[in-house]
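Participant: Just so it is clear, I am handing over structure-v8.csv, which has CSV, C-alpha atoms.
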```
chain,number,residue,atom,x,y,z
E,1441,MET,CA,4.9,-2.5,-18.2
E,1442,ILE,CA,5.6,0.5,-16.0
E,1443,VAL,CA,3.5,0.6,-12.9
E,1444,HIS,CA,3.0,4.1,-11.5
E,1445,LEU,CA,1.4,4.3,-8.1
E,1446,ALA,CA,0.6,7.5,-6.2
E,1447,SER,CA,-1.3,8.4,-3.1
E,1448,PHE,CA,-2.5,11.8,-1.9
E,1449,VAL,CA,-3.4,13.2,1.5
E,1450,TRP,CA,-5.7,16.2,1.1
E,1451,LYS,CA,-5.3,19.5,2.7
E,1452,ASP,CA,-7.7,20.2,5.7
E,1453,GLY,CA,-11.0,21.5,4.5
E,1454,THR,CA,-11.0,19.6,1.2
E,1455,SER,CA,-14.6,19.0,0.4
E,1456,PRO,CA,-16.3,15.8,-0.8
E,1457,GLU,CA,-17.4,17.8,-3.9
E,1458,GLN,CA,-13.8,18.6,-4.7
E,1459,VAL,CA,-12.9,15.0,-4.3
E,1460,ALA,CA,-15.7,13.9,-6.6
E,1461,GLY,CA,-14.6,16.7,-9.0
E,1462,VAL,CA,-11.0,15.7,-9.2
E,1463,THR,CA,-11.9,12.0,-9.6
E,1464,ALA,CA,-14.1,12.9,-12.6
E,1465,ALA,CA,-11.4,15.2,-14.0
E,1466,LEU,CA,-8.7,12.5,-13.7
E,1467,TYR,CA,-10.8,10.0,-15.6
E,1468,GLU,CA,-11.6,12.6,-18.2
E,1469,MET,CA,-7.8,13.1,-18.5
E,1470,ALA,CA,-7.3,9.3,-18.7
E,1471,ARG,CA,-9.6,9.2,-21.7
E,1472,GLU,CA,-7.4,11.7,-23.5
E,1473,VAL,CA,-4.1,9.9,-22.9
E,1474,PRO,CA,-3.5,7.1,-25.4
E,1475,GLN,CA,-0.3,6.0,-23.5
E,1476,LEU,CA,-2.4,4.8,-20.6
E,1477,ARG,CA,-2.9,1.1,-20.7
E,1478,PHE,CA,-4.8,1.2,-17.5
E,1479,TYR,CA,-5.9,3.9,-15.1
E,1480,LEU,CA,-7.5,3.6,-11.7
E,1481,CYS,CA,-8.0,6.4,-9.2
E,1482,GLY,CA,-10.3,7.1,-6.3
E,1483,GLU,CA,-10.8,7.6,-2.7
E,1484,ASN,CA,-9.1,5.2,-0.4
E,1485,LEU,CA,-11.6,2.5,0.4
E,1486,ARG,CA,-10.1,2.6,3.9
E,1487,LEU,CA,-10.1,-1.1,4.4
E,1488,ARG,CA,-7.1,-0.7,6.6
E,1489,PRO,CA,-6.3,1.8,9.4
E,1490,ALA,CA,-4.7,5.1,8.7
E,1491,GLY,CA,-3.7,5.5,5.0
E,1492,ALA,CA,-3.9,8.2,2.4
E,1493,ASP,CA,-7.0,9.9,1.2
E,1494,PHE,CA,-6.8,9.0,-2.4
E,1495,GLY,CA,-4.9,6.5,-4.6
E,1496,VAL,CA,-3.8,6.3,-8.3
E,1497,LEU,CA,-2.6,3.3,-10.2
E,1498,ALA,CA,-1.6,3.8,-13.8
E,1499,LEU,CA,0.1,1.4,-16.3
E,1500,VAL,CA,2.0,2.5,-19.3
E,1501,ASP,CA,4.3,0.7,-21.7
E,1502,ASP,CA,7.5,2.5,-21.0
E,1503,PRO,CA,9.1,5.6,-19.5
E,1504,ALA,CA,8.2,7.7,-22.5
E,1505,GLY,CA,4.6,6.8,-22.0
E,1506,LEU,CA,4.8,7.8,-18.4
E,1507,ASP,CA,6.2,11.2,-19.3
E,1508,ALA,CA,3.5,11.7,-22.0
E,1509,TYR,CA,0.8,10.9,-19.4
E,1510,LEU,CA,2.2,13.1,-16.6
E,1511,ASP,CA,3.6,15.9,-18.6
E,1512,GLY,CA,0.8,16.0,-21.1
E,1513,GLU,CA,-1.6,19.0,-21.2
E,1514,ALA,CA,-4.6,16.8,-20.0
E,1515,HIS,CA,-2.8,15.8,-16.8
E,1516,GLN,CA,-1.2,19.3,-16.3
E,1517,ARG,CA,-4.7,20.8,-16.5
E,1518,VAL,CA,-6.0,18.6,-13.7
E,1519,GLN,CA,-2.8,19.4,-11.7
E,1520,ARG,CA,-3.5,23.2,-12.2
E,1521,GLU,CA,-7.3,23.1,-11.7
E,1522,TRP,CA,-7.6,20.6,-8.9
E,1523,LEU,CA,-4.6,18.9,-7.4
E,1524,SER,CA,-2.5,22.0,-6.8
E,1525,THR,CA,-5.1,23.3,-4.4
E,1526,MET,CA,-6.1,20.1,-2.8
E,1527,VAL,CA,-2.9,18.0,-2.1
E,1528,ALA,CA,-1.1,18.3,1.2
E,1529,SER,CA,1.1,15.3,0.7
E,1530,ARG,CA,1.8,13.2,-2.4
E,1531,GLN,CA,3.9,10.0,-2.5
E,1532,ALA,CA,4.5,8.2,-5.8
E,1533,ALA,CA,6.7,5.5,-7.1
E,1534,GLN,CA,7.3,3.5,-10.3
E,1535,LEU,CA,7.8,-0.2,-10.6
E,1536,SER,CA,7.9,-2.6,-13.5
E,1537,SER,CA,6.0,-5.8,-14.1
E,1538,ASP,CA,5.0,-8.0,-17.1
E,1539,ALA,CA,2.7,-10.2,-15.0
E,1540,LEU,CA,-0.3,-8.0,-15.2
E,1541,SER,CA,-2.7,-7.6,-18.1
E,1542,VAL,CA,-5.6,-5.4,-18.7
E,1543,THR,CA,-8.7,-7.4,-19.5
E,1544,GLY,CA,-11.5,-5.2,-18.6
E,1545,ASP,CA,-12.8,-1.8,-19.6
E,1546,TRP,CA,-11.1,0.3,-17.0
E,1547,LEU,CA,-13.1,3.4,-18.1
E,1548,ALA,CA,-16.4,1.7,-17.6
E,1549,GLY,CA,-18.5,3.6,-15.1
E,1550,HIS,CA,-16.3,6.7,-15.2
F,1354,MET,CA,-10.2,-7.2,-7.0
F,1355,ILE,CA,-8.9,-5.1,-4.2
F,1356,VAL,CA,-5.9,-3.0,-5.3
F,1357,HIS,CA,-3.6,-2.2,-2.3
F,1358,LEU,CA,-0.9,0.3,-3.1
F,1359,ALA,CA,1.7,1.6,-0.7
F,1360,SER,CA,4.9,3.7,-0.8
F,1361,PHE,CA,7.6,4.2,1.7
F,1362,VAL,CA,10.2,6.9,2.4
F,1363,TRP,CA,13.1,5.4,4.2
F,1364,LYS,CA,14.7,6.9,7.3
F,1365,ASP,CA,18.1,8.7,6.8
F,1366,GLY,CA,20.9,6.2,6.8
F,1367,THR,CA,18.9,3.3,5.5
F,1368,SER,CA,21.5,1.2,3.6
F,1369,PRO,CA,21.2,-0.4,0.2
F,1370,GLU,CA,21.8,-3.7,1.9
F,1371,GLN,CA,18.7,-3.1,4.1
F,1372,VAL,CA,16.7,-2.3,1.0
F,1373,ALA,CA,17.8,-5.4,-0.8
F,1374,GLY,CA,17.0,-7.4,2.4
F,1375,VAL,CA,13.5,-6.0,2.9
F,1376,THR,CA,12.8,-6.6,-0.8
F,1377,ALA,CA,13.8,-10.3,-0.5
F,1378,ALA,CA,11.9,-10.6,2.8
F,1379,LEU,CA,8.7,-9.2,1.3
F,1380,TYR,CA,8.8,-11.6,-1.7
F,1381,GLU,CA,9.5,-14.4,0.7
F,1382,MET,CA,6.4,-13.2,2.6
F,1383,ALA,CA,4.4,-13.1,-0.6
F,1384,ARG,CA,5.2,-16.8,-1.3
F,1385,GLU,CA,3.5,-17.7,2.0
F,1386,VAL,CA,0.3,-15.7,1.6
F,1387,PRO,CA,-2.2,-17.6,-0.6
F,1388,GLN,CA,-4.6,-14.6,-0.6
F,1389,LEU,CA,-2.2,-12.6,-2.7
F,1390,ARG,CA,-3.3,-12.8,-6.4
F,1391,PHE,CA,-0.4,-10.5,-7.4
F,1392,TYR,CA,2.4,-8.9,-5.5
F,1393,LEU,CA,5.0,-6.4,-6.7
F,1394,CYS,CA,7.4,-4.4,-4.6
F,1395,GLY,CA,10.7,-2.7,-5.1
F,1396,GLU,CA,12.8,0.5,-5.2
F,1397,ASN,CA,11.2,3.4,-6.9
F,1398,LEU,CA,12.5,3.3,-10.5
F,1399,ARG,CA,12.7,7.1,-10.2
F,1400,LEU,CA,11.4,7.7,-13.7
F,1401,ARG,CA,9.9,10.9,-12.3
F,1402,PRO,CA,11.3,13.7,-10.1
F,1403,ALA,CA,10.9,13.4,-6.3
F,1404,GLY,CA,8.8,10.4,-5.2
F,1405,ALA,CA,9.0,7.8,-2.5
F,1406,ASP,CA,11.9,5.4,-2.1
F,1407,PHE,CA,9.9,2.2,-2.4
F,1408,GLY,CA,6.6,1.0,-3.8
F,1409,VAL,CA,4.2,-1.9,-3.2
F,1410,LEU,CA,1.3,-3.1,-5.3
F,1411,ALA,CA,-0.8,-6.0,-4.1
F,1412,LEU,CA,-4.0,-7.5,-5.5
F,1413,VAL,CA,-6.3,-9.6,-3.4
F,1414,ASP,CA,-9.8,-10.9,-4.0
F,1415,ASP,CA,-11.5,-9.1,-1.1
F,1416,PRO,CA,-11.1,-7.2,2.2
F,1417,ALA,CA,-10.7,-10.5,4.1
F,1418,GLY,CA,-7.8,-11.4,1.8
F,1419,LEU,CA,-6.3,-8.0,2.4
F,1420,ASP,CA,-6.5,-8.5,6.2
F,1421,ALA,CA,-5.1,-12.0,5.9
F,1422,TYR,CA,-2.1,-10.7,3.9
F,1423,LEU,CA,-1.4,-7.6,6.1
F,1424,ASP,CA,-2.2,-9.1,9.5
F,1425,GLY,CA,-0.8,-12.6,8.9
F,1426,GLU,CA,2.4,-13.7,10.6
F,1427,ALA,CA,4.5,-13.6,7.4
F,1428,HIS,CA,3.8,-9.9,6.9
F,1429,GLN,CA,4.0,-9.1,10.6
F,1430,ARG,CA,7.5,-10.7,10.7
F,1431,VAL,CA,8.7,-8.4,7.9
F,1432,GLN,CA,7.1,-5.5,9.7
F,1433,ARG,CA,9.0,-6.3,12.9
F,1434,GLU,CA,12.3,-7.4,11.4
F,1435,TRP,CA,12.7,-4.8,8.6
F,1436,LEU,CA,10.0,-2.1,8.0
F,1437,SER,CA,9.7,-0.9,11.6
F,1438,THR,CA,13.3,0.2,11.6
F,1439,MET,CA,13.5,1.5,8.1
F,1440,VAL,CA,10.3,3.4,7.3
F,1441,ALA,CA,10.1,7.2,7.9
F,1442,SER,CA,6.9,7.7,6.1
F,1443,ARG,CA,4.3,5.3,4.6
F,1444,GLN,CA,1.3,6.1,2.5
F,1445,ALA,CA,-1.2,3.5,1.5
F,1446,ALA,CA,-4.6,3.3,-0.1
F,1447,GLN,CA,-7.0,0.6,-1.4
F,1448,LEU,CA,-9.0,0.8,-4.6
F,1449,SER,CA,-11.0,-1.7,-6.5
F,1450,SER,CA,-10.9,-2.9,-10.0
F,1451,ASP,CA,-12.0,-5.8,-12.1
F,1452,ALA,CA,-10.2,-4.7,-15.2
F,1453,LEU,CA,-6.9,-6.2,-14.3
F,1454,SER,CA,-5.8,-9.8,-14.5
F,1455,VAL,CA,-2.7,-11.6,-13.5
F,1456,THR,CA,-1.2,-13.4,-16.5
F,1457,GLY,CA,2.4,-13.8,-15.6
F,1458,ASP,CA,4.4,-15.4,-12.8
F,1459,TRP,CA,4.8,-12.5,-10.5
F,1460,LEU,CA,7.2,-14.4,-8.3
F,1461,ALA,CA,9.6,-15.1,-11.2
F,1462,GLY,CA,13.0,-13.7,-10.5
F,1463,HIS,CA,12.3,-13.1,-6.8
```
Just dump the structure as structure tokens.

Facilitator:
Amino acid sequence: MIVHLASFVWKDGTSPEQVAGVTAALYEMAREVPQLRFYLCGENLRLRPAGADFGVLALVDDPAGLDAYLDGEAHQRVQREWLSTMVASRQAAQLSSDALSVTGDWLAGH
Amino acid sequence: MIVHLASFVWKDGTSPEQVAGVTAALYEMAREVPQLRFYLCGENLRLRPAGADFGVLALVDDPAGLDAYLDGEAHQRVQREWLSTMVASRQAAQLSSDALSVTGDWLAGH
């Protein structure tokens, strides 16, 4: 499985309403992307000092699934309508693991 | 479960040998931290443009487990001996999810 992790630092002045909005928009996106085996995003819980404002963890089967997720219209729409105006800094990386499985309803509550 | 994700951009001049060394040191650390339910780190597979140089995904049960992992001597040693000299930029965030389970031997091959 491909593990895609990303974190964002917001631009100054980004409002809580924008953060709530982009979170909802990202989960709405996730519902539309069948290649996503798992999707988790949200404000950094800030359990540790410093850190980014927001985190994303997505699992897909393969590189083609990753491209379908990130290049697909649903994600591009969130990029255009939300992230492009909010993100000051983005760091992302992809890793690979077969030791994780998705056992819960990751859309529950979103 | 607490999902801790981090990504690093290395300083200029960081060598492949250093990256291989820190990867091995981090997995050695992970063996010594019982609070880690899952640990994955490595060079960014670069399946997408741009992106960080290195990624980390760690799962622990709770905030106390996260602190034990990050503040414990094993991780502090890797911080002192490797990361402090290599990392130009680090972004990290914590999220929470109960939809993931660890079904494989995440230390296999490391």

Participant: Could you build a table of the residues in chain F lying no more than 10 Å from chain E, giving for each the nearest pair of atoms and their separation in Å rounded to one decimal place, using all atoms listed in the file, ordered by chain and ascending residue number, as a tab-separated table?

Facilitator:
```
residue	atom	partner	partner_atom	distance
F:Ile1355	CA	E:Leu1485	CA	9.3
F:Val1356	CA	E:Leu1497	CA	8.6
F:His1357	CA	E:Gly1495	CA	9.1
F:Leu1358	CA	E:Leu1445	CA	6.8
F:Ala1359	CA	E:Ser1447	CA	7.8
F:Ser1360	CA	E:Gln1531	CA	6.6
F:Phe1361	CA	E:Gln1531	CA	8.1
F:Val1362	CA	E:Gln1531	CA	8.6
F:Phe1391	CA	E:Leu1540	CA	8.2
F:Tyr1392	CA	E:Ala1539	CA	9.6
F:Leu1393	CA	E:Ser1537	CA	7.5
F:Cys1394	CA	E:Leu1535	CA	7.3
F:Gly1395	CA	E:Leu1535	CA	6.7
F:Glu1396	CA	E:Leu1535	CA	7.4
F:Asn1397	CA	E:Ala1533	CA	5.0
F:Leu1398	CA	E:Gln1534	CA	5.2
F:Arg1399	CA	E:Gln1534	CA	6.5
F:Leu1400	CA	E:Pro1503	CA	6.6
F:Arg1401	CA	E:Asp1507	CA	7.9
F:Pro1402	CA	E:Ala1532	CA	9.7
F:Ala1403	CA	E:Ala1532	CA	8.3
F:Gly1404	CA	E:Ala1532	CA	4.9
F:Ala1405	CA	E:Gln1531	CA	5.6
F:Asp1406	CA	E:Ala1533	CA	7.2
F:Phe1407	CA	E:Ala1533	CA	6.6
F:Gly1408	CA	E:Ala1533	CA	5.6
F:Val1409	CA	E:Leu1445	CA	8.4
F:Leu1410	CA	E:Leu1445	CA	7.9
F:Asp1415	CA	E:Leu1487	CA	9.8
F:Pro1416	CA	E:Leu1487	CA	6.6
F:Ala1417	CA	E:Leu1487	CA	9.4
F:Leu1419	CA	E:Leu1487	CA	8.1
F:Asp1420	CA	E:Arg1488	CA	7.8
F:Leu1423	CA	E:Arg1488	CA	9.0
F:Ser1442	CA	E:Gln1531	CA	9.4
F:Arg1443	CA	E:Gly1491	CA	8.0
F:Gln1444	CA	E:Ala1492	CA	5.6
F:Ala1445	CA	E:Gly1491	CA	4.7
F:Ala1446	CA	E:Asn1484	CA	4.9
F:Gln1447	CA	E:Asn1484	CA	5.2
F:Leu1448	CA	E:Leu1485	CA	5.9
F:Ser1449	CA	E:Leu1485	CA	8.1
F:Ser1450	CA	E:Leu1480	CA	7.5
F:Asp1451	CA	E:Gly1544	CA	6.5
F:Ala1452	CA	E:Gly1544	CA	3.7
F:Leu1453	CA	E:Val1542	CA	4.7
F:Ser1454	CA	E:Ser1541	CA	5.2
F:Val1455	CA	E:Leu1540	CA	4.6
F:Thr1456	CA	E:Ala1539	CA	5.3
F:Gly1457	CA	E:Ala1539	CA	3.7
F:Asp1458	CA	E:Ala1539	CA	5.9
F:Trp1459	CA	E:Ala1539	CA	5.5
F:Leu1460	CA	E:Ala1539	CA	9.1
F:Ala1461	CA	E:Ala1539	CA	9.3
```

Participant: Please produce an output containing C-alpha atoms for each residue in the selection, written as a short mmCIF file (atom, residue, chain, number, x, y, z; two decimals), in the frame of the given file.

Facilitator:
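Output file again-v7.cif follows:
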```cif
data_model
loop_
_atom_site.label_atom_id
_atom_site.label_comp_id
_atom_site.auth_asym_id
_atom_site.auth_seq_id
_atom_site.Cartn_x
_atom_site.Cartn_y
_atom_site.Cartn_z
CA ILE F 1355 -8.90 -5.10 -4.20
CA VAL F 1356 -5.90 -3.00 -5.30
CA HIS F 1357 -3.60 -2.20 -2.30
CA LEU F 1358 -0.90 0.30 -3.10
CA ALA F 1359 1.70 1.60 -0.70
CA SER F 1360 4.90 3.70 -0.80
CA PHE F 1361 7.60 4.20 1.70
CA VAL F 1362 10.20 6.90 2.40
CA PHE F 1391 -0.40 -10.50 -7.40
CA TYR F 1392 2.40 -8.90 -5.50
CA LEU F 1393 5.00 -6.40 -6.70
CA CYS F 1394 7.40 -4.40 -4.60
CA GLY F 1395 10.70 -2.70 -5.10
CA GLU F 1396 12.80 0.50 -5.20
CA ASN F 1397 11.20 3.40 -6.90
CA LEU F 1398 12.50 3.30 -10.50
CA ARG F 1399 12.70 7.10 -10.20
CA LEU F 1400 11.40 7.70 -13.70
CA ARG F 1401 9.90 10.90 -12.30
CA PRO F 1402 11.30 13.70 -10.10
CA ALA F 1403 10.90 13.40 -6.30
CA GLY F 1404 8.80 10.40 -5.20
CA ALA F 1405 9.00 7.80 -2.50
CA ASP F 1406 11.90 5.40 -2.10
CA PHE F 1407 9.90 2.20 -2.40
CA GLY F 1408 6.60 1.00 -3.80
CA VAL F 1409 4.20 -1.90 -3.20
CA LEU F 1410 1.30 -3.10 -5.30
CA ASP F 1415 -11.50 -9.10 -1.10
CA PRO F 1416 -11.10 -7.20 2.20
CA ALA F 1417 -10.70 -10.50 4.10
CA LEU F 1419 -6.30 -8.00 2.40
CA ASP F 1420 -6.50 -8.50 6.20
CA LEU F 1423 -1.40 -7.60 6.10
CA SER F 1442 6.90 7.70 6.10
CA ARG F 1443 4.30 5.30 4.60
CA GLN F 1444 1.30 6.10 2.50
CA ALA F 1445 -1.20 3.50 1.50
CA ALA F 1446 -4.60 3.30 -0.10
CA GLN F 1447 -7.00 0.60 -1.40
CA LEU F 1448 -9.00 0.80 -4.60
CA SER F 1449 -11.00 -1.70 -6.50
CA SER F 1450 -10.90 -2.90 -10.00
CA ASP F 1451 -12.00 -5.80 -12.10
CA ALA F 1452 -10.20 -4.70 -15.20
CA LEU F 1453 -6.90 -6.20 -14.30
CA SER F 1454 -5.80 -9.80 -14.50
CA VAL F 1455 -2.70 -11.60 -13.50
CA THR F 1456 -1.20 -13.40 -16.50
CA GLY F 1457 2.40 -13.80 -15.60
CA ASP F 1458 4.40 -15.40 -12.80
CA TRP F 1459 4.80 -12.50 -10.50
CA LEU F 1460 7.20 -14.40 -8.30
CA ALA F 1461 9.60 -15.10 -11.20
#
```

Participant: For Trp1522 (chain E), list every protein, DNA or RNA residue within 10 Å, evaluated using all atoms listed in the file, and leave out those in the same chain fewer than 5 positions away; present the list as a list in words.

Facilitator: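 Skipping anything fewer than 5 positions along the chain leaves Gln1458, Val1459, Gly1461, Val1462, Thr1463, Ala1465, Leu1466, Gln1516, Arg1517 and Val1527 of chain E.
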
Participant: Store the residues picked out above in a file with C-alpha atoms, as a compact mmCIF listing (two decimals), in the frame of the given file.

Facilitator:
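The file below, selection.txt, is the result:
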```txt
# COMPACT_ATOMS: atom_id res chain seq x y z
CA GLN E 1458 -13.80 18.60 -4.70
CA VAL E 1459 -12.90 15.00 -4.30
CA GLY E 1461 -14.60 16.70 -9.00
CA VAL E 1462 -11.00 15.70 -9.20
CA THR E 1463 -11.90 12.00 -9.60
CA ALA E 1465 -11.40 15.20 -14.00
CA LEU E 1466 -8.70 12.50 -13.70
CA GLN E 1516 -1.20 19.30 -16.30
CA ARG E 1517 -4.70 20.80 -16.50
CA VAL E 1527 -2.90 18.00 -2.10
```

Participant: Which polymer residues, protein or nucleic acid, are no farther than 12 Å from (0.9, -19.5, 4.3), counting all atoms listed in the file, as a PyMOL selection string?

Facilitator: chain F and resi 1381-1389+1421-1422+1425-1428

Participant: For the atom pair CA of Ser1524 (chain E) and CA of Ser1455 (chain E), what is the interatomic distance in Å to one decimal place?

Facilitator: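 Interatomic distance here is 14.4 Å.
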
Participant: Report, in Å with one decimal, the straight-line distance from CA of Tyr1467 (chain E) to CA of Gly1549 (chain E).

Facilitator: 10.0 Å

Participant: Work out how far CA of Trp1363 (chain F) is from CA of Met1441 (chain E), in Å to one decimal.

Facilitator: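 Pair CA of Met1441 (chain E) / CA of Trp1363 (chain F) returns 25.1 Å.
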